[in-house]
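Novice: So here's final18.txt, just compact mmCIF, C-alpha atoms and all ligand atoms:
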```
# COMPACT_ATOMS: atom_id res chain seq x y z
CA MET A 1 2.01 9.41 12.96
CA HIS A 2 1.72 13.00 14.23
CA VAL A 3 1.20 15.61 11.53
CA THR A 4 0.07 19.20 11.61
CA ILE A 5 -2.36 20.28 8.88
CA GLU A 6 -3.10 24.01 8.63
CA GLY A 7 -1.87 24.45 12.19
CA VAL A 8 -4.00 21.60 13.56
CA PRO A 9 -2.10 18.59 14.97
CA ARG A 10 -3.59 15.28 13.87
CA GLU A 11 -2.84 11.61 14.25
CA LEU A 12 -2.82 10.21 10.71
CA LYS A 13 -1.90 7.05 8.90
CA THR A 14 -0.27 7.03 5.45
CA VAL A 15 -3.48 5.69 3.86
CA TRP A 16 -7.07 5.22 5.01
CA LEU A 17 -10.61 4.97 3.65
CA GLU A 18 -13.08 7.74 4.49
CA ASP A 19 -16.40 8.80 2.90
CA GLY A 20 -15.89 6.27 0.11
CA MET A 21 -12.52 7.79 -0.81
CA VAL A 22 -9.05 6.33 -0.45
CA LYS A 23 -7.16 9.09 1.34
CA LEU A 24 -3.40 9.44 1.36
CA ILE A 25 -0.84 11.81 2.81
CA ASP A 26 0.46 13.31 -0.44
CA GLN A 27 4.19 12.65 -0.09
CA ARG A 28 5.11 14.81 -3.09
CA TYR A 29 4.66 17.97 -1.01
CA LEU A 30 6.53 16.91 2.12
CA PRO A 31 8.32 18.20 4.13
CA PHE A 32 7.02 21.67 3.27
CA ASP A 33 3.32 21.04 3.07
CA VAL A 34 1.04 18.31 4.47
CA ARG A 35 -1.74 17.69 1.97
CA VAL A 36 -4.25 14.89 1.70
CA TYR A 37 -4.86 13.24 -1.69
CA GLU A 38 -8.39 11.95 -2.23
CA ALA A 39 -8.93 9.06 -4.64
CA LYS A 40 -12.53 8.71 -5.74
CA THR A 41 -11.91 5.98 -8.31
CA TYR A 42 -9.54 3.08 -8.77
CA GLU A 43 -7.86 5.05 -11.55
CA ASP A 44 -7.13 7.84 -9.02
CA VAL A 45 -5.60 5.16 -6.78
CA ALA A 46 -3.47 3.76 -9.63
CA VAL A 47 -2.24 7.26 -10.53
CA ALA A 48 -1.36 7.91 -6.87
CA ILE A 49 0.87 4.83 -6.88
CA GLU A 50 2.46 5.62 -10.27
CA ASP A 51 3.08 9.29 -9.48
CA MET A 52 4.44 8.58 -5.99
CA VAL A 53 1.75 10.33 -3.99
CA VAL A 54 2.34 7.17 -1.98
CA ARG A 55 5.58 5.22 -2.10
CA GLY A 56 7.34 2.54 -0.11
CA ALA A 57 6.43 -1.10 -0.65
CA PRO A 58 4.14 -1.76 2.37
CA ALA A 59 2.30 1.57 1.92
CA ILE A 60 1.69 0.81 -1.74
CA GLY A 61 0.32 -2.62 -0.77
CA ALA A 62 -2.17 -1.13 1.70
CA THR A 63 -3.21 1.51 -0.84
CA ALA A 64 -4.01 -1.20 -3.37
CA ALA A 65 -5.97 -3.12 -0.71
CA TYR A 66 -8.10 -0.05 0.07
CA GLY A 67 -8.45 0.68 -3.67
CA MET A 68 -9.84 -2.79 -4.24
CA ALA A 69 -12.23 -2.46 -1.31
CA GLN A 70 -13.43 0.86 -2.75
CA ALA A 71 -13.88 -0.68 -6.20
CA GLY A 72 -15.82 -3.57 -4.63
CA GLU A 73 -18.17 -1.07 -2.93
CA GLN A 74 -18.66 0.62 -6.31
CA GLY A 75 -19.66 -2.72 -7.82
CA LEU A 76 -16.73 -2.85 -10.25
CA ASP A 77 -15.09 -5.92 -11.76
CA LEU A 78 -12.20 -6.59 -9.36
CA LYS A 79 -10.18 -8.44 -11.97
CA ILE A 80 -9.98 -5.29 -14.12
CA VAL A 81 -8.98 -3.25 -11.06
CA ALA A 82 -6.35 -5.81 -10.03
CA ASP A 83 -4.88 -5.83 -13.56
CA ARG A 84 -4.63 -2.03 -13.54
CA PHE A 85 -2.95 -1.98 -10.11
CA ARG A 86 -0.48 -4.70 -11.12
CA LYS A 87 0.80 -2.39 -13.87
CA THR A 88 1.53 0.59 -11.61
CA ARG A 89 4.94 -0.27 -10.15
CA PRO A 90 6.81 -3.49 -10.85
CA THR A 91 9.43 -3.91 -8.10
CA GLY A 92 7.75 -3.75 -4.67
CA GLN A 93 6.35 -7.13 -3.65
CA ASP A 94 3.68 -5.88 -1.22
CA LEU A 95 1.56 -4.53 -4.08
CA PHE A 96 1.16 -8.04 -5.49
CA TYR A 97 0.75 -9.58 -2.04
CA ALA A 98 -2.07 -7.12 -1.26
CA ILE A 99 -3.85 -7.68 -4.59
CA ASP A 100 -3.69 -11.47 -4.11
CA THR A 101 -4.92 -11.14 -0.52
CA MET A 102 -7.90 -9.04 -1.60
CA MET A 103 -8.74 -11.28 -4.57
CA ALA A 104 -8.72 -14.27 -2.20
CA ALA A 105 -10.97 -12.36 0.23
CA ALA A 106 -13.38 -11.58 -2.62
CA ALA A 107 -13.34 -15.18 -3.82
CA GLY A 108 -14.12 -16.28 -0.25
CA GLY A 109 -17.13 -13.93 -0.13
CA GLN A 110 -15.58 -11.77 2.59
CA ASP A 111 -16.52 -8.16 3.26
CA LEU A 112 -13.84 -6.26 1.32
CA LEU A 113 -13.91 -3.15 3.49
CA ALA A 114 -13.22 -5.32 6.54
CA ALA A 115 -10.51 -7.20 4.63
CA ALA A 116 -8.74 -3.94 3.70
CA GLU A 117 -8.95 -2.65 7.28
CA ARG A 118 -7.52 -5.96 8.50
CA TYR A 119 -4.73 -5.73 5.92
CA ALA A 120 -3.80 -2.24 7.18
CA ARG A 121 -3.97 -3.30 10.85
CA ASP A 122 -1.77 -6.33 10.14
CA ASP A 123 0.77 -4.10 8.40
CA ILE A 124 1.02 -1.84 11.45
CA GLU A 125 1.34 -4.88 13.71
CA ARG A 126 4.14 -6.34 11.55
CA CYS A 127 6.02 -3.04 11.61
CA ARG A 128 5.66 -2.71 15.37
CA LYS A 129 7.15 -6.20 15.83
CA ILE A 130 10.00 -5.38 13.44
CA GLY A 131 10.67 -2.44 15.73
CA GLU A 132 10.76 -4.61 18.84
CA HIS A 133 13.14 -7.15 17.30
CA GLY A 134 15.37 -4.58 15.62
CA ALA A 135 15.67 -2.24 18.60
CA LYS A 136 18.01 -4.80 20.20
CA LEU A 137 20.63 -3.81 17.62
CA ILE A 138 20.64 -0.19 18.76
CA ARG A 139 22.59 0.79 21.89
CA ASN A 140 23.36 4.11 23.47
CA GLY A 141 25.73 5.87 21.10
CA THR A 142 25.07 3.66 18.03
CA ARG A 143 25.65 5.54 14.78
CA ILE A 144 23.26 4.31 12.09
CA LEU A 145 23.29 4.85 8.33
CA THR A 146 19.98 4.61 6.45
CA HIS A 147 19.07 5.00 2.80
CA CYS A 148 15.82 6.25 1.25
CA ASN A 149 12.70 6.31 3.43
CA ALA A 150 11.47 3.31 5.37
CA GLY A 151 9.58 5.24 8.03
CA ALA A 152 5.87 5.45 8.83
CA LEU A 153 5.20 7.00 5.42
CA ALA A 154 6.55 3.91 3.65
CA ALA A 155 4.08 1.65 5.49
CA VAL A 156 0.62 2.27 6.95
CA ASP A 157 2.28 3.55 10.12
CA TYR A 158 5.43 3.05 12.17
CA GLY A 159 7.68 2.00 9.28
CA THR A 160 10.15 -0.80 8.65
CA ALA A 161 13.80 0.30 8.96
CA MET A 162 12.73 3.20 11.13
CA ALA A 163 10.64 1.02 13.46
CA PRO A 164 13.69 -0.20 15.45
CA MET A 165 14.78 3.43 15.80
CA ARG A 166 11.34 4.41 17.12
CA VAL A 167 11.32 1.59 19.67
CA ALA A 168 14.92 2.30 20.77
CA LYS A 169 13.93 5.93 21.24
CA GLU A 170 10.83 4.92 23.25
CA GLN A 171 13.14 2.78 25.39
CA GLY A 172 15.20 5.84 26.16
CA ARG A 173 18.32 5.15 24.11
CA ARG A 174 20.32 7.94 22.48
CA PHE A 175 21.76 7.26 19.05
CA PHE A 176 22.48 9.10 15.82
CA VAL A 177 21.24 8.54 12.28
CA TYR A 178 23.04 9.47 9.05
CA VAL A 179 20.41 9.91 6.33
CA ASP A 180 21.39 9.52 2.68
CA GLU A 181 19.60 12.23 0.69
CA THR A 182 18.60 9.55 -1.90
CA ARG A 183 18.67 11.02 -5.36
CA PRO A 184 16.74 11.42 -7.56
CA ARG A 185 13.49 11.68 -5.53
CA LEU A 186 15.23 12.69 -2.29
CA GLN A 187 13.15 10.44 -0.04
CA GLY A 188 15.92 10.57 2.58
CA ALA A 189 16.23 14.35 2.74
CA ARG A 190 12.54 15.07 2.34
CA LEU A 191 10.80 12.24 4.18
CA THR A 192 13.19 10.39 6.50
CA ALA A 193 14.62 13.60 7.93
CA TRP A 194 11.08 14.94 8.48
CA GLU A 195 10.05 11.76 10.27
CA LEU A 196 13.19 11.65 12.42
CA LEU A 197 12.61 15.25 13.39
CA GLU A 198 9.00 14.47 14.37
CA ALA A 199 10.25 11.49 16.41
CA GLY A 200 12.94 13.60 18.13
CA ILE A 201 15.80 11.41 16.84
CA GLU A 202 19.17 13.07 16.29
CA HIS A 203 20.31 12.90 12.68
CA ALA A 204 22.19 14.53 9.82
CA ILE A 205 21.47 14.40 6.11
CA ILE A 206 24.45 13.43 3.94
CA THR A 207 24.87 13.29 0.19
CA ASP A 208 24.59 9.83 -1.35
CA GLY A 209 28.30 9.83 -2.13
CA ALA A 210 29.37 10.61 1.45
CA ALA A 211 28.41 7.32 3.12
CA GLY A 212 31.65 5.59 2.04
CA LEU A 213 33.71 8.22 3.80
CA PHE A 214 31.84 7.81 7.08
CA LEU A 215 31.91 4.00 6.86
CA GLY A 216 35.64 4.02 6.04
CA ARG A 217 36.42 6.32 8.95
CA GLY A 218 34.64 4.03 11.42
CA GLU A 219 31.94 6.60 12.09
CA ILE A 220 29.03 4.27 11.38
CA ASP A 221 28.24 1.19 13.52
CA LEU A 222 25.15 -0.15 11.79
CA VAL A 223 23.46 0.14 8.39
CA LEU A 224 19.68 -0.25 8.50
CA VAL A 225 17.58 -0.13 5.34
CA GLY A 226 14.14 -1.24 4.15
CA ALA A 227 13.30 -3.48 1.21
CA ASP A 228 11.03 -3.47 -1.80
CA ARG A 229 11.30 -7.17 -2.61
CA ILE A 230 13.33 -9.96 -1.06
CA ALA A 231 13.98 -13.17 -3.00
CA ALA A 232 13.95 -16.61 -1.36
CA ASN A 233 17.74 -16.61 -0.95
CA GLY A 234 17.74 -13.19 0.76
CA ASP A 235 18.87 -11.08 -2.22
CA THR A 236 17.16 -7.75 -1.59
CA ALA A 237 15.85 -5.08 -3.95
CA ASN A 238 15.81 -1.65 -2.34
CA LYS A 239 16.22 1.95 -3.46
CA ILE A 240 18.99 2.55 -5.98
CA GLY A 241 22.27 3.07 -4.14
CA THR A 242 21.64 0.46 -1.44
CA TYR A 243 23.95 -2.15 -3.00
CA GLY A 244 26.93 0.20 -2.91
CA LYS A 245 26.41 0.92 0.80
CA ALA A 246 26.20 -2.81 1.55
CA VAL A 247 29.52 -3.54 -0.18
CA VAL A 248 31.31 -0.69 1.57
CA ALA A 249 29.77 -1.74 4.90
CA LYS A 250 31.12 -5.28 4.49
CA GLU A 251 34.52 -3.97 3.42
CA ASN A 252 34.64 -2.05 6.69
CA GLY A 253 33.18 -4.75 8.94
CA VAL A 254 29.96 -2.81 9.61
CA PRO A 255 26.79 -4.94 10.00
CA PHE A 256 24.19 -4.37 7.29
CA TYR A 257 20.57 -5.16 8.20
CA VAL A 258 17.41 -5.10 6.09
CA ALA A 259 14.09 -4.51 7.88
CA ALA A 260 10.96 -5.76 6.13
CA PRO A 261 7.68 -7.52 6.84
CA THR A 262 7.17 -11.00 5.42
CA SER A 263 4.73 -9.44 2.92
CA THR A 264 7.84 -8.13 1.11
CA ILE A 265 9.36 -11.60 0.70
CA ASP A 266 8.79 -13.27 -2.64
CA THR A 267 9.62 -16.96 -2.25
CA THR A 268 8.65 -17.62 -5.86
CA LEU A 269 11.94 -16.05 -6.92
CA ALA A 270 14.97 -18.18 -6.11
CA SER A 271 17.34 -15.22 -6.32
CA GLY A 272 17.39 -11.49 -6.90
CA ALA A 273 18.32 -11.90 -10.57
CA LYS A 274 14.65 -12.14 -11.54
CA ILE A 275 13.38 -9.17 -9.51
CA PRO A 276 11.98 -6.67 -12.03
CA ILE A 277 13.73 -3.34 -11.69
CA GLU A 278 11.59 -0.28 -12.36
CA GLU A 279 13.14 2.22 -14.78
CA ARG A 280 11.61 5.64 -14.13
CA SER A 281 11.61 8.79 -16.23
CA PRO A 282 15.04 10.30 -17.06
CA GLN A 283 13.48 13.65 -16.15
CA GLU A 284 13.83 12.71 -12.45
CA VAL A 285 17.62 12.63 -12.92
CA LEU A 286 17.83 15.68 -15.17
CA HIS A 287 15.86 17.88 -12.78
CA LEU A 288 16.08 18.73 -9.11
CA ASP A 289 12.81 19.89 -7.57
CA GLY A 290 11.51 20.84 -11.01
CA HIS A 291 14.65 22.77 -12.01
CA PRO A 292 16.82 21.49 -14.89
CA ILE A 293 20.35 20.63 -13.75
CA ALA A 294 21.93 19.18 -16.91
CA PRO A 295 22.39 20.07 -20.58
CA LYS A 296 19.04 19.72 -22.35
CA GLU A 297 20.58 17.37 -24.91
CA SER A 298 22.02 14.91 -22.35
CA PRO A 299 20.14 11.66 -21.93
CA ALA A 300 19.89 9.95 -18.53
CA ARG A 301 19.19 6.51 -17.08
CA ASN A 302 17.03 6.11 -14.01
CA PRO A 303 16.75 2.63 -12.50
CA ALA A 304 14.80 3.11 -9.26
CA PHE A 305 16.15 0.06 -7.40
CA ASP A 306 19.17 -2.20 -7.16
CA VAL A 307 19.63 -5.67 -5.75
CA THR A 308 21.95 -6.32 -2.82
CA PRO A 309 23.21 -9.92 -2.88
CA ALA A 310 22.46 -11.87 0.30
CA LYS A 311 26.17 -12.31 1.07
CA TYR A 312 26.35 -8.64 2.08
CA ILE A 313 23.32 -8.85 4.39
CA THR A 314 23.98 -9.60 8.06
CA GLY A 315 20.34 -10.18 8.90
CA ILE A 316 16.76 -9.49 7.87
CA ILE A 317 14.56 -8.03 10.60
CA THR A 318 11.03 -9.36 10.12
CA GLU A 319 8.00 -9.45 12.40
CA ARG A 320 9.02 -13.03 13.19
CA GLY A 321 12.49 -12.12 14.41
CA ILE A 322 15.92 -11.39 12.96
CA LEU A 323 16.76 -14.00 10.36
CA LYS A 324 19.84 -14.90 8.36
CA PRO A 325 19.09 -14.61 4.64
CA SER A 326 19.47 -18.40 4.42
CA GLN A 327 16.61 -18.85 6.93
CA LEU A 328 13.97 -17.05 4.86
CA ARG A 329 12.49 -20.17 3.33
CA THR A 330 11.75 -21.58 6.79
CA ILE A 331 9.38 -18.77 7.75
CA HIS A 332 6.79 -19.72 5.18
CA GLU A 333 4.40 -22.50 6.08
CA THR A 334 5.32 -25.87 4.64
CA PRO A 335 2.29 -27.04 2.64
CA PRO A 336 0.69 -30.04 4.38
CA SER A 337 1.43 -32.34 1.43
CA ALA A 338 5.16 -31.54 1.72
CA LYS A 339 5.33 -32.21 5.46
CA LYS A 340 7.20 -35.38 6.37
CA LYS A 341 5.13 -38.05 8.06
CA PRO A 342 6.48 -38.98 11.51
CA ARG A 343 8.46 -42.20 11.31
CA THR A 344 7.02 -45.23 13.09
CA LYS A 345 9.68 -47.20 14.94
CA LYS A 346 10.43 -50.63 13.52
CA ARG A 347 10.24 -53.36 16.09
O1 LIG A 401 10.52 4.30 -4.92
P1 LIG A 401 10.04 4.19 -3.51
O2 LIG A 401 10.13 5.46 -2.75
O3 LIG A 401 8.68 3.52 -3.45
O4 LIG A 401 11.06 3.18 -2.85
C1 LIG A 401 11.09 2.93 -1.48
C2 LIG A 401 12.37 2.33 -1.07
O5 LIG A 401 13.09 1.78 -1.84
C3 LIG A 401 12.72 2.44 0.34
O6 LIG A 401 14.12 2.30 0.48
C4 LIG A 401 12.10 1.51 1.28
O7 LIG A 401 12.96 1.07 2.25
C5 LIG A 401 11.49 0.28 0.80
S1 LIG A 401 9.85 0.33 1.31
C6 LIG A 401 9.86 0.34 3.06
```
Mind turning this structure into structure tokens?

Specialist:
Amino acid sequence: MHVTIEGVPRELKTVWLEDGMVKLIDQRYLPFDVRVYEAKTYEDVAVAIEDMVVRGAPAIGATAAYGMAQAGEQGLDLKIVADRFRKTRPTGQDLFYAIDTMMAAAAGGQDLLAAAERYARDDIERCRKIGEHGAKLIRNGTRILTHCNAGALAAVDYGTAMAPMRVAKEQGRRFFVYVDETRPRLQGARLTAWELLEAGIEHAIITDGAAGLFLGRGEIDLVLVGADRIAANGDTANKIGTYGKAVVAKENGVPFYVAAPTSTIDTTLASGAKIPIEERSPQEVLHLDGHPIAPKESPARNPAFDVTPAKYITGIITERGILKPSQLRTIHETPPSAKKKPRTKKR
């Protein structure tokens, strides 16, 4: 993605490894300041994930992959590092997918730096393909609603829900994006709007409560969101507030699409009921940009994600094409032992 640091334009990814450090665009300062966070140790990497220096399921996965490669170079016990990373954030599936991928690479005696680079390259490739498949849903004049941030910053580059928008833009289509501000961390207002601006895509930020009005008035043609974890039946965990948009979209006959790489799909969970939902600090709700906004004595609840049942999801845009939620199981390889033997004809 294009960013300007201290007046100098640069082409950066969300996360990369340089001089033995895991480097990240520090998303806590955007859109006002572009800073780079430097993780020298695996604990620095874990803190970056917990404190949302980096956020978005695929980006977190790649960060963990680089963190494990760094730890491998430092001669550390990868099992300890993996256990620490597994405790950082519970909902996004890519974190666990990345840790398992790197542990398998280590067990297979692979070069971990090369494995992490390959993981990051594959992530970009998956996002690019999501963009190509999803761009077919966007025509001239399409009015899109999106929630939270699923742009380049939420992956290594390119993004998930924003990838179809980028490709449609590259293909010369004109369309408009309504961006939910996404309380409490404001990923929509702070990150998605910044990315859309950089990409030259027309948009407007709306409050989280306003989407129903626009959907009800017929002013939105397509809802496009990312995902943090998708269960085998298509139930999808995404940023808190997504479920409500999906229900109102269905009520108004507006298609609701989820864009995610297959690394976000967790086929070990039959449904969304078992997806762990992260509960973050109440302080995120009680403050806005560091300023208190509620009585000091009031408690708050802060679940970071909700689960949208598959029945509200029109399709899931993956790197392998646009799938119905019911088709998800078919995209994973059938283990050889489970494959049916071809029948021999009886004479
Ligand atoms: O808490 P975050 O910022 O890590 O959550 C990210 C989201 O929920 C986004 O909506 C995103 O679409 C999922 S990751 C591409």

Novice: Using all atoms listed in the file, which protein or nucleic acid residues are at most 6 Å from ligand LIG 401 (chain A), as a list in words?

Specialist: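 Those residues are Arg55, Gly56, Ala57, Cys148, Asn149, Ala150, Ala154, Thr160, Val225, Gly226, Ala227, Asp228, Asn238 and Lys239 of chain A.
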
Novice: Skipping near chain neighbours, those fewer than 5 positions away, what residues fall within 8 Å of range 250-265 of chain A using all atoms listed in the file, listed as JSON, numbers by chain?

Specialist: {"A": [57, 58, 92, 93, 94, 97, 123, 126, 127, 130, 134, 160, 161, 215, 216, 218, 220, 221, 222, 223, 224, 225, 226, 227, 228, 229, 230, 231, 232, 312, 313, 314, 315, 316, 317, 318, 319]}

Novice: List as a ChimeraX atom specification the protein and nucleic acid residues near His287 in chain A, meaning an atom at most 10 Å away when all atoms listed in the file are counted, but skip any in the same chain fewer than 5 places from it.

Specialist: /A:184-185,282,292-294

Novice: Name the residues within 10 Å of (16.6, 7.6, 4.9), counting all atoms listed in the file in the file's coordinates, and put them as a PyMOL selection string.

Specialist: chain A and resi 145-151+161-162+177-182+186-196+205-206+224-226

Novice: Please measure the separation of CA of Val45 in chain A and CA of Leu153 in chain A, giving the value in Å to one decimal.

Specialist: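 Interatomic distance, CA of Val45 in chain A to CA of Leu153 in chain A: 16.4 Å.
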
Novice: So that I can see what lies close to Ala107 in chain A, please list as a PyMOL selection string the residues with an atom at most 12 Å from it, counting all atoms listed in the file and leaving out residues fewer than 6 positions away in the same chain.

Specialist: chain A and resi 72+78-79+100-101+115

Novice: In Å, rounded to a single decimal, give me how far CA of Ala152 in chain A is from CA of Leu95 in chain A.

Specialist: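 Between these atoms lies a distance of 16.9 Å.
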
Novice: Expressed in Å to a single decimal, how great is the separation between CA of Ala120 in chain A and CA of Val156 in chain A?

Specialist: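 These two atoms are separated by 6.3 Å.
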
Novice: Pick out the closest residue to Ala64 in chain A from this set: A:Ile277, A:Ile80, A:Val3, A:Ala46. Count only C-alpha atoms.

Specialist: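 Looking only at the distances to Ala64 in chain A, the closest residue turns out to be A:Ala46.
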
Novice: Would you mind listing what lies within 10 Å of Glu73 in chain A as a tab-separated table (two decimals) with C-alpha atoms, in the frame of the given file, with only C-alpha atoms counted and same-chain residues fewer than 5 positions away left out?

Specialist:
```
chain	number	residue	atom	x	y	z
A	20	GLY	CA	-15.89	6.27	0.11
A	67	GLY	CA	-8.45	0.68	-3.67
A	68	MET	CA	-9.84	-2.79	-4.24
A	111	ASP	CA	-16.52	-8.16	3.26
A	112	LEU	CA	-13.84	-6.26	1.32
A	113	LEU	CA	-13.91	-3.15	3.49
```

Novice: List every protein, DNA or RNA residue with an atom no more than 12 Å from (10.2, 8.6, -17.4) in the file's coordinates, counting all atoms listed in the file, and format the result as an MDAnalysis selection string.

Specialist: chainID A and resid 50:51 278:287 299:304

Novice: In terms of the shortest atom-to-atom distance over all atoms listed in the file, which of A:Ala135, A:Ile5, A:Met21, A:Ala163 is closest to Gln74 in chain A?

Specialist: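 For Gln74 in chain A, the nearest of the candidates is A:Met21.
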
Novice: For range 37-41 of chain A, work out the shell of residues within 7 Å, counting all atoms listed in the file and skipping chain neighbours fewer than 4 positions away, then give it as a short mmCIF file (atom, residue, chain, number, x, y, z; two decimals) with C-alpha atoms, in the frame of the given file.

Specialist:
```cif
data_model
loop_
_atom_site.label_atom_id
_atom_site.label_comp_id
_atom_site.auth_asym_id
_atom_site.auth_seq_id
_atom_site.Cartn_x
_atom_site.Cartn_y
_atom_site.Cartn_z
CA MET A 21 -12.52 7.79 -0.81
CA VAL A 22 -9.05 6.33 -0.45
CA LYS A 23 -7.16 9.09 1.34
CA LEU A 24 -3.40 9.44 1.36
CA ILE A 25 -0.84 11.81 2.81
CA ASP A 26 0.46 13.31 -0.44
CA VAL A 45 -5.60 5.16 -6.78
#
```
